[in-house]
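A.B. asks: Following this message is one structure expressed as structure tokens.
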Amino acid sequence: MQTKPKIKIFFAASILLLPSALSASDGVRLQGDRVALEWRDTGAGYVLTAVQADGHDLEPAMYQHRLLFSAQKPSTEPMALYDTLGRETVFPEPQYRYIIATWQQNLTPVALNRAGENIVYAPDSATVLSSEKIVFRYSDDRAEITETWSLDPDFPNDIRVEMRLQAGCPGYFSMTSPSVAAFDKYSFEWAAVPGIYQGDEVNPDFVRALAYGHGIPDRPVVSRERTASTLMSLITDESGLTAAVTAEPGTGRDPWEYDHKTASVWKLGLSLMNRDGEFTPTLYHPVLGEAGSWLETGDTVSFAFRYTLKDAGWLDVYEHAVKDVYRFSDGLELRKTSVSLTERLYDMHRYLTDDSTSMWRNCEYRGVTIGAQDYRGGVYGSEKDAMKNSDYGAMWMLARLTGDERLTLQRLPYALNFKLMQQNTEPGFLYGSSAGQYFLYKSGRFTEEWGPYTEPIATTYYMLLDMGNILLFEPQRNDLKEHLRAAADCLLKWMKPDGSWEVAYDNATLEPMFTDVKDYRPTFYGLLTAYRILGDGKYLEAACKGADWYIANAVERGRFLGVCGDTRFAPDFATAQSAQALLDLYEITGNTGYRDAAVYAAELYMTSVYTHPVPSEKVKLVKGKELADWEISQAGLGFEHGGVLGSANHRGPILLASHAGMFLRMFRHTGDSLFVDMARAAVTGRDAFTDKSTGVASYYWDTMDAGAGPYPHHAWWQTGWITDYLISEAELRSEGRISFPGGFMTPKVGPHRTYGYAPGSVYGESCELLMRQGLVSVGNPSVEYITAYRKQDRTLYVILMNSSPDIQKTAISVDPSRLSGKGNAVIRSAAVYDACGNAFPVPEDALRELDFNGYDMKVLKIKY
């Protein structure tokens with residue numbers, strides 16, 4: 001049986017009883033109902049001597065106040081790393097050209113916290129304004145620093161601090177958040193800088209800790225805010241108390257200050273250790289040598305942040321920062337859309353069935369015509385001749401929902417041939433596995449993205465999931481089932497006795513590769529797919545074994561690996577797939593341990609979603625066009641891959657919101673509203689990133705509305721995740737009374753599932769999803785819609801959903817001839833369902849104006 005994730009709930013006392021020691025006459029103190037801090041004048045300045053929160057006595061830090069100063073600009077050259085034997089560490093290997101410079105930016109003296117002079121000081125005066133507000137001051141020949149400490153009246157576990165520095169000489173200055181409490185770095189429950197690294201231990205393997213986020217680096221590194229999803233650092237100790245420091249909104253960089261990208265400006269540094277190595281949440285502003293840090297004599301700079309000290313787990317404190325400090329949910333009220341997601345589906349249908357826009361190519365391979373889309377990105381060994389199919393589930397789904405013969409006759413047969421040819425069929429070690437994501441038509445071979453190797457998870461992705469999704473639509477294909485069985489047996493062969501897999505094998509030597517990291521990816525999901533299709537219990541047993549290893553070694557410890565070879569597998573959206581994979585396993589087995597692990601993995605994935613800067617209506621200039629800040633906001637978007645290696649460092653987040661449907665499913669299991677808010681923030685009001693002519697959104701944030709560009713296959717992924725999101729919204733809003741069976745996840749961008757292979761249900765009535773251009777017209781783009789029908793009694797269901805928190809009105813029209821094929825088809829009757837699923841007849845003219853409350857849903861039943 002697998003180990004359940006370490007999810008604990010702590011109950012704090014409502015009144016904090018302060019011991020008499022805090023009333024000593026030689027001290028000053030902040031005192032509230034939940035937290036209390038006392039400083040004493042030692043003669044050499046004021047020192048924090050007692051810290052209490054929710055009944056916990058914390059150990060005050062030894063090195064509490066510091067100022068970093070440098071008369072000269074610190075070097076930006078990377079410093080060499082050495083192992084315990086004195087050998088220089090070379091990472092990453094030279095072929096990973098996309099991430100070398102990004103990695104080296106983490107090895108500068110500033111990033112390694114070795115730059116400048118570390119001035120440790122204690123305030124020399126304290127002014128008590130009340131029991132809830134104290135002003136400290138310190139001055140020397142370098143600077144005068146004022147610190148105002150106050151309790152937050154709205155959040156009794158928070159202490160707000162405002163620091164102001166006035167330079168006494170020219171130079172580079174960096175203020176640091178004072179260290180309040182020091183924790184045991186060898187015994188704690190959890191720690192994180194969200195979006196960068198996390199874990200339950202300090203990892204002495206510096207590269208694995210910093211580059212992959214596998215544990216906490218063992219030195220006081222200073223990380224950039226550009227991939228910190230929320231501007232905070234936090235530690236949960238063994239007692240269950242969490243201490244965090246969170247920058248006030250506006251402290252970090254604005255990724256688009258006015259008319260160009262400013263995402264790499266470094267204004268805020270984040271760490272889990274202070275300069276002196278104590279384990280304590282720490283922030284830096286400005287960053288030494290970076291924007292705003294050079295001051296002339298008399299210049300001033302300010303820094304505002306808050307401490308949270310609470311008897312609660314990390315998730316509670318993290319969500320407090322997101323919801324209360326960064327007001328994440330408020331940003332939803334700003335979002336408006338000019339094109340609905342539903343209409344984008346129809347636009348992309350047109351795009352994908354046009355050979356020229358979708359860059360479709362057929363070619364011969366081993367006497368078979370195979371088809372895929374051109375891929376213009378980098379691929380190992382390519383001559384700009386790579387071809388790729390992305391979302392087989394979405395391909396078969398769109399063909400079924402539209403009945404379009406351009407798909408059924410001109411696309412799917414050749415895409416299926418591509419899939420069959422993609423499998424290794426020569427006897428031996430690689431038999432049944434994937435030969436590679438890409439086909440190079442000039443050299444006539446399949447290859448992996450970034451080298452001649454084979455990953456077990458590629459067999460899960462490109463054999464088992466793709467073939468599994470096809471078989472949901474074509475269950476009679478026994479030949480395809482045998483291909484799927486060969487792939488499943490290959491995974492069984494490669495599984496280790498403990499339930500894990502290697503990351504990859506060298507195609508020439510068949511020896512394991514990338515042995516410095518483990519396969520912290522949901523490879524086991526391929527075996528679950530095989531069980532659902534083939535029904536053989538050995539596959540389910542092996543899937544459970546793999547999942548048990550994965551929960552204990554990846555989920556519980558927060559250690560994940562990505563699936564993008566060009567970034568050497570930096571953690572990415574495969575983490576979100578982990579949550580859906582475990583949820584699917586729970587639904588098959590009924591084992592609640594898998595559900596709990598799925599929820600925890602999803603909670604961890606929350607920290608891959610940007611929550612800053614706070615969206616506003618400030619006017620920005622984008623490609624010469626005025627847009628509001630909220631229109632190009634990063635808040636609500638997730639990474640391709642973040643951390644210190646990922647593409648988000650320079651390209652920003654991505655618009656592929658594959659996780660949105662999964663987040664809605666997680667809300668149904670948890671009741672945590674942040675799942676819903678994050679899903680909606682990712683998908684609503686993103687018109688600034690959509691190519692208006694095709695409906696295809698750009699992949700990377702920094703390309704704005706450039707569209708698919710060199711990645712035409714992304715339109716299939718977008719078709720897949722949008723459909724998954726819309727159906728998940730309908731299921732959520734109807735409390736499960738509208739549902740359609742979901743298929744398997746798709747390779748490789750996240751956990752969205754395919755639909756349309758089997759009938760679903762609308763308030764207990766069986767029906768099938770469909771898409772017909774012109775069947776339904778909705779006048780308000782804030783109202784999304786899904787259509788389903790039952791052919792035998794000519795019933796159409798129209799599921800209408802307000803995507804806004806505001807009241808919306810719209811008119812709709814329905815043209816039944818788009819279903820019947822007869823030009824004179826008319827509506828015979830119309831009805832609207834109430835919240836209980838009862839259908840009440842309405843006159844046809846009632847459809848001319850429908851009213852929706854915020855996030856409301858109306859379901860029409862139309863006979864034609």
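Identifiers in this document derive from the order of the structure tokens: chains are assigned A, B, ..., residues are numbered from 1 separately in each chain, and ligands are numbered from 1 in order of occurrence.
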For Arg253 of chain A, find every residue with an atom within 12 Å (counting only C-alpha atoms), except residues of its own chain fewer than 2 positions away, and show them as a PyMOL selection string.
C.D. replies: chain A and resi 224-228+231+247+249-251+255-257+261-269+285-287+290-292+612-614+634
A.B. asks: Take atom CA of Lys858 of chain A and atom CA of Leu769 of chain A and report the distance between them in Å, one decimal.
C.D. replies: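 For atom CA of Lys858 of chain A relative to atom CA of Leu769 of chain A, the distance reads 16.9 Å.
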A.B. asks: At a cut-off of 8 Å, using only C-alpha atoms, what residues contact Val826 of chain A? Leave out same-chain residues fewer than 3 positions from it and give the result as a PyMOL selection string.
C.D. replies: chain A and resi 815-817+864
A.B. asks: At a cut-off of 8 Å, using only C-alpha atoms, what residues contact Pro653 of chain A? Leave out same-chain residues fewer than 4 positions from it and give the result as a ChimeraX atom specification.
C.D. replies: /A:610,634,637-640,647-648,700-701
A.B. asks: Save the residues we just selected, N, CA and C atoms, as a CSV table (one decimal), in the first residue's frame?
C.D. replies:
```
chain,number,residue,atom,x,y,z
A,610,TYR,N,1.5,31.9,-12.0
A,610,TYR,CA,1.8,33.3,-11.6
A,610,TYR,C,0.7,33.9,-10.8
A,634,GLN,N,0.4,38.5,-16.5
A,634,GLN,CA,0.9,37.1,-16.3
A,634,GLN,C,0.2,36.4,-15.2
A,637,LEU,N,-1.4,32.7,-15.3
A,637,LEU,CA,-0.8,31.8,-16.3
A,637,LEU,C,0.2,30.9,-15.7
A,638,GLY,N,0.4,29.7,-16.3
A,638,GLY,CA,1.4,28.7,-15.8
A,638,GLY,C,2.6,28.7,-16.6
A,639,PHE,N,3.6,27.9,-16.2
A,639,PHE,CA,4.9,27.8,-16.9
A,639,PHE,C,4.8,26.7,-18.0
A,640,GLU,N,5.6,26.8,-19.0
A,640,GLU,CA,6.1,25.6,-19.7
A,640,GLU,C,7.0,24.9,-18.8
A,647,SER,N,12.0,27.9,-19.6
A,647,SER,CA,11.7,29.0,-20.6
A,647,SER,C,11.1,30.2,-20.0
A,648,ALA,N,10.4,30.1,-18.9
A,648,ALA,CA,9.7,31.2,-18.3
A,648,ALA,C,10.7,32.3,-17.9
A,700,TYR,N,4.1,31.3,-26.1
A,700,TYR,CA,4.8,32.0,-25.1
A,700,TYR,C,4.2,33.4,-24.9
A,701,TRP,N,4.1,33.8,-23.7
A,701,TRP,CA,3.6,35.1,-23.3
A,701,TRP,C,4.2,36.3,-24.1
```
A.B. asks: Residues within 8 Å of Lys809 of chain A, please, as a PyMOL selection string. Count only C-alpha atoms; anything in the same chain fewer than 6 positions from it doesn't count.
C.D. replies: chain A and resi 780+849-852
A.B. asks: Could the residues in this selection be saved with N, CA, C and O atoms as a PDB file, in the first residue's frame?
C.D. replies:
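Written out: out34.pdb:
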```
ATOM      1  N   ASN A 780     -23.188  37.422 -27.187  1.00  0.00           N
ATOM      2  CA  ASN A 780     -22.293  37.962 -26.157  1.00  0.00           C
ATOM      3  C   ASN A 780     -21.090  37.036 -26.013  1.00  0.00           C
ATOM      4  O   ASN A 780     -21.256  35.872 -25.619  1.00  0.00           O
ATOM      5  N   GLU A 849     -33.466  37.312 -25.404  1.00  0.00           N
ATOM      6  CA  GLU A 849     -32.727  37.972 -24.333  1.00  0.00           C
ATOM      7  C   GLU A 849     -32.688  37.062 -23.112  1.00  0.00           C
ATOM      8  O   GLU A 849     -33.693  36.859 -22.432  1.00  0.00           O
ATOM      9  N   LEU A 850     -31.522  36.517 -22.870  1.00  0.00           N
ATOM     10  CA  LEU A 850     -31.309  35.667 -21.705  1.00  0.00           C
ATOM     11  C   LEU A 850     -30.423  36.410 -20.714  1.00  0.00           C
ATOM     12  O   LEU A 850     -29.424  37.018 -21.096  1.00  0.00           O
ATOM     13  N   ASP A 851     -30.768  36.351 -19.441  1.00  0.00           N
ATOM     14  CA  ASP A 851     -30.010  37.016 -18.386  1.00  0.00           C
ATOM     15  C   ASP A 851     -29.203  35.980 -17.619  1.00  0.00           C
ATOM     16  O   ASP A 851     -29.698  34.894 -17.295  1.00  0.00           O
ATOM     17  N   PHE A 852     -27.949  36.346 -17.312  1.00  0.00           N
ATOM     18  CA  PHE A 852     -27.053  35.451 -16.572  1.00  0.00           C
ATOM     19  C   PHE A 852     -26.459  36.207 -15.392  1.00  0.00           C
ATOM     20  O   PHE A 852     -25.900  37.298 -15.565  1.00  0.00           O
TER      21      PHE A 852
END
```
A.B. asks: Taking only C-alpha atoms into account, which of A:Ser829, A:Gln166, A:Gln792, A:Thr102 comes nearest Gly646 of chain A?
C.D. replies: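 Between A:Ser829, A:Gln166, A:Gln792, A:Thr102, the residue approaching Gly646 of chain A most closely is A:Thr102.
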A.B. asks: Excluding same-chain residues fewer than 2 positions from Phe689 of chain A, what lies within 6 Å of it counting only C-alpha atoms, as a list in words?
C.D. replies: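 Final neighbour list, sorted by chain and number: Arg686, Asp687, Ala697, Ser698, Met704 and Asp705 of chain A.
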A.B. asks: Looking at only C-alpha atoms, which of A:Val322, A:Glu482, A:Phe573, A:Met513 is the one that sits closest to Tyr453 of chain A?
C.D. replies: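 Closest candidate: A:Met513.
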A.B. asks: Give the helix (DSSP H, G or I) residues of segment 242-337 of chain A, as DSSP finds them on the backbone, and put them as a list of chain:residue names.
C.D. replies: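 So the helix (DSSP H, G or I) residues in segment 242-337 of chain A would be A:Trp314, A:Leu315, A:Asp316, A:Val317, A:Tyr318, A:Glu319, A:His320, A:Ala321, A:Val322, A:Lys323, A:Asp324, A:Val325, A:Phe328, A:Ser329, A:Asp330, A:Gly331, A:Leu332, A:Glu333.
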A.B. asks: Could you please take those selected residues and save all heavy atoms as a compact mmCIF listing (two decimals), in the first residue's frame?
C.D. replies:
```txt
# COMPACT_ATOMS: atom_id res chain seq x y z
N TRP A 314 1.87 24.79 4.99
CA TRP A 314 2.37 25.72 3.97
C TRP A 314 1.27 26.19 3.04
O TRP A 314 1.27 27.35 2.62
CB TRP A 314 3.50 25.07 3.17
CG TRP A 314 3.08 23.96 2.25
CD1 TRP A 314 3.06 22.63 2.52
CD2 TRP A 314 2.58 24.10 0.90
NE1 TRP A 314 2.59 21.92 1.43
CE2 TRP A 314 2.28 22.79 0.43
CE3 TRP A 314 2.36 25.19 0.06
CZ2 TRP A 314 1.78 22.56 -0.85
CZ3 TRP A 314 1.85 24.95 -1.22
CH2 TRP A 314 1.57 23.66 -1.67
N LEU A 315 0.30 25.31 2.71
CA LEU A 315 -0.73 25.67 1.75
C LEU A 315 -1.59 26.81 2.27
O LEU A 315 -1.93 27.74 1.53
CB LEU A 315 -1.60 24.45 1.42
CG LEU A 315 -2.71 24.70 0.39
CD1 LEU A 315 -2.12 25.02 -0.97
CD2 LEU A 315 -3.63 23.49 0.31
N ASP A 316 -1.92 26.77 3.55
CA ASP A 316 -2.73 27.82 4.15
C ASP A 316 -2.04 29.17 4.03
O ASP A 316 -2.65 30.18 3.65
CB ASP A 316 -3.00 27.47 5.62
CG ASP A 316 -3.86 28.50 6.33
OD1 ASP A 316 -3.36 29.61 6.59
OD2 ASP A 316 -5.03 28.20 6.65
N VAL A 317 -0.76 29.21 4.35
CA VAL A 317 -0.02 30.47 4.33
C VAL A 317 0.22 30.93 2.90
O VAL A 317 0.15 32.12 2.57
CB VAL A 317 1.29 30.32 5.11
CG1 VAL A 317 2.16 31.57 4.99
CG2 VAL A 317 0.98 30.03 6.58
N TYR A 318 0.52 29.99 2.01
CA TYR A 318 0.68 30.32 0.59
C TYR A 318 -0.61 30.94 0.05
O TYR A 318 -0.59 31.98 -0.62
CB TYR A 318 1.05 29.06 -0.19
CG TYR A 318 0.81 29.16 -1.67
CD1 TYR A 318 1.67 29.87 -2.50
CD2 TYR A 318 -0.30 28.55 -2.26
CE1 TYR A 318 1.43 29.97 -3.87
CE2 TYR A 318 -0.54 28.64 -3.62
CZ TYR A 318 0.33 29.35 -4.42
OH TYR A 318 0.10 29.45 -5.76
N GLU A 319 -1.75 30.31 0.33
CA GLU A 319 -3.02 30.83 -0.19
C GLU A 319 -3.36 32.18 0.42
O GLU A 319 -4.00 33.02 -0.23
CB GLU A 319 -4.14 29.82 0.02
CG GLU A 319 -3.99 28.58 -0.85
CD GLU A 319 -5.30 27.81 -1.01
OE1 GLU A 319 -6.33 28.26 -0.48
OE2 GLU A 319 -5.27 26.78 -1.69
N HIS A 320 -2.95 32.42 1.65
CA HIS A 320 -3.14 33.75 2.25
C HIS A 320 -2.40 34.81 1.44
O HIS A 320 -2.95 35.88 1.14
CB HIS A 320 -2.64 33.73 3.69
CG HIS A 320 -2.41 35.08 4.28
ND1 HIS A 320 -3.38 36.06 4.32
CD2 HIS A 320 -1.30 35.63 4.85
CE1 HIS A 320 -2.89 37.15 4.90
NE2 HIS A 320 -1.63 36.91 5.20
N ALA A 321 -1.17 34.52 1.05
CA ALA A 321 -0.41 35.47 0.24
C ALA A 321 -1.09 35.70 -1.10
O ALA A 321 -1.21 36.84 -1.58
CB ALA A 321 1.01 34.97 0.04
N VAL A 322 -1.57 34.62 -1.72
CA VAL A 322 -2.20 34.72 -3.03
C VAL A 322 -3.53 35.47 -2.96
O VAL A 322 -3.79 36.40 -3.74
CB VAL A 322 -2.40 33.32 -3.64
CG1 VAL A 322 -3.20 33.40 -4.94
CG2 VAL A 322 -1.07 32.63 -3.88
N LYS A 323 -4.38 35.07 -2.04
CA LYS A 323 -5.73 35.61 -1.99
C LYS A 323 -5.80 36.98 -1.33
O LYS A 323 -6.51 37.88 -1.81
CB LYS A 323 -6.65 34.64 -1.22
CG LYS A 323 -6.86 33.30 -1.89
CD LYS A 323 -7.73 32.41 -1.00
CE LYS A 323 -7.98 31.05 -1.62
NZ LYS A 323 -8.81 30.18 -0.74
N ASP A 324 -5.08 37.15 -0.22
CA ASP A 324 -5.25 38.35 0.60
C ASP A 324 -4.22 39.44 0.29
O ASP A 324 -4.57 40.62 0.32
CB ASP A 324 -5.16 37.98 2.08
CG ASP A 324 -6.18 36.93 2.48
OD1 ASP A 324 -7.31 36.98 1.95
OD2 ASP A 324 -5.85 36.05 3.30
N VAL A 325 -2.99 39.04 0.01
CA VAL A 325 -1.96 40.04 -0.26
C VAL A 325 -1.98 40.44 -1.72
O VAL A 325 -1.99 41.64 -2.06
CB VAL A 325 -0.57 39.52 0.15
CG1 VAL A 325 0.49 40.58 -0.10
CG2 VAL A 325 -0.57 39.11 1.63
N PHE A 328 -5.68 37.87 -5.70
CA PHE A 328 -5.74 37.14 -6.96
C PHE A 328 -7.14 37.12 -7.55
O PHE A 328 -7.35 37.35 -8.75
CB PHE A 328 -5.21 35.71 -6.76
CG PHE A 328 -5.13 34.91 -8.03
CD1 PHE A 328 -4.03 35.02 -8.85
CD2 PHE A 328 -6.15 34.05 -8.40
CE1 PHE A 328 -3.94 34.29 -10.03
CE2 PHE A 328 -6.08 33.31 -9.56
CZ PHE A 328 -4.96 33.44 -10.38
N SER A 329 -8.13 36.84 -6.72
CA SER A 329 -9.49 36.68 -7.23
C SER A 329 -10.05 38.00 -7.74
O SER A 329 -10.91 38.01 -8.64
CB SER A 329 -10.39 36.11 -6.14
OG SER A 329 -9.90 34.84 -5.72
N ASP A 330 -9.57 39.13 -7.21
CA ASP A 330 -10.08 40.42 -7.66
C ASP A 330 -9.77 40.66 -9.13
O ASP A 330 -10.52 41.36 -9.82
CB ASP A 330 -9.47 41.55 -6.83
CG ASP A 330 -9.93 41.54 -5.38
OD1 ASP A 330 -10.85 40.74 -5.07
OD2 ASP A 330 -9.38 42.29 -4.58
N GLY A 331 -8.67 40.08 -9.61
CA GLY A 331 -8.29 40.28 -11.00
C GLY A 331 -9.30 39.74 -11.98
O GLY A 331 -9.35 40.17 -13.14
N LEU A 332 -10.12 38.78 -11.54
CA LEU A 332 -11.14 38.21 -12.44
C LEU A 332 -12.18 39.24 -12.83
O LEU A 332 -12.78 39.17 -13.90
CB LEU A 332 -11.81 37.02 -11.77
CG LEU A 332 -10.94 35.77 -11.58
CD1 LEU A 332 -11.66 34.76 -10.68
CD2 LEU A 332 -10.58 35.14 -12.90
N GLU A 333 -12.41 40.22 -11.98
CA GLU A 333 -13.43 41.22 -12.26
C GLU A 333 -13.03 42.15 -13.40
O GLU A 333 -13.89 42.77 -14.03
CB GLU A 333 -13.72 42.03 -10.99
CG GLU A 333 -14.28 41.19 -9.85
CD GLU A 333 -14.53 41.99 -8.59
OE1 GLU A 333 -14.26 43.21 -8.62
OE2 GLU A 333 -14.99 41.40 -7.60
```
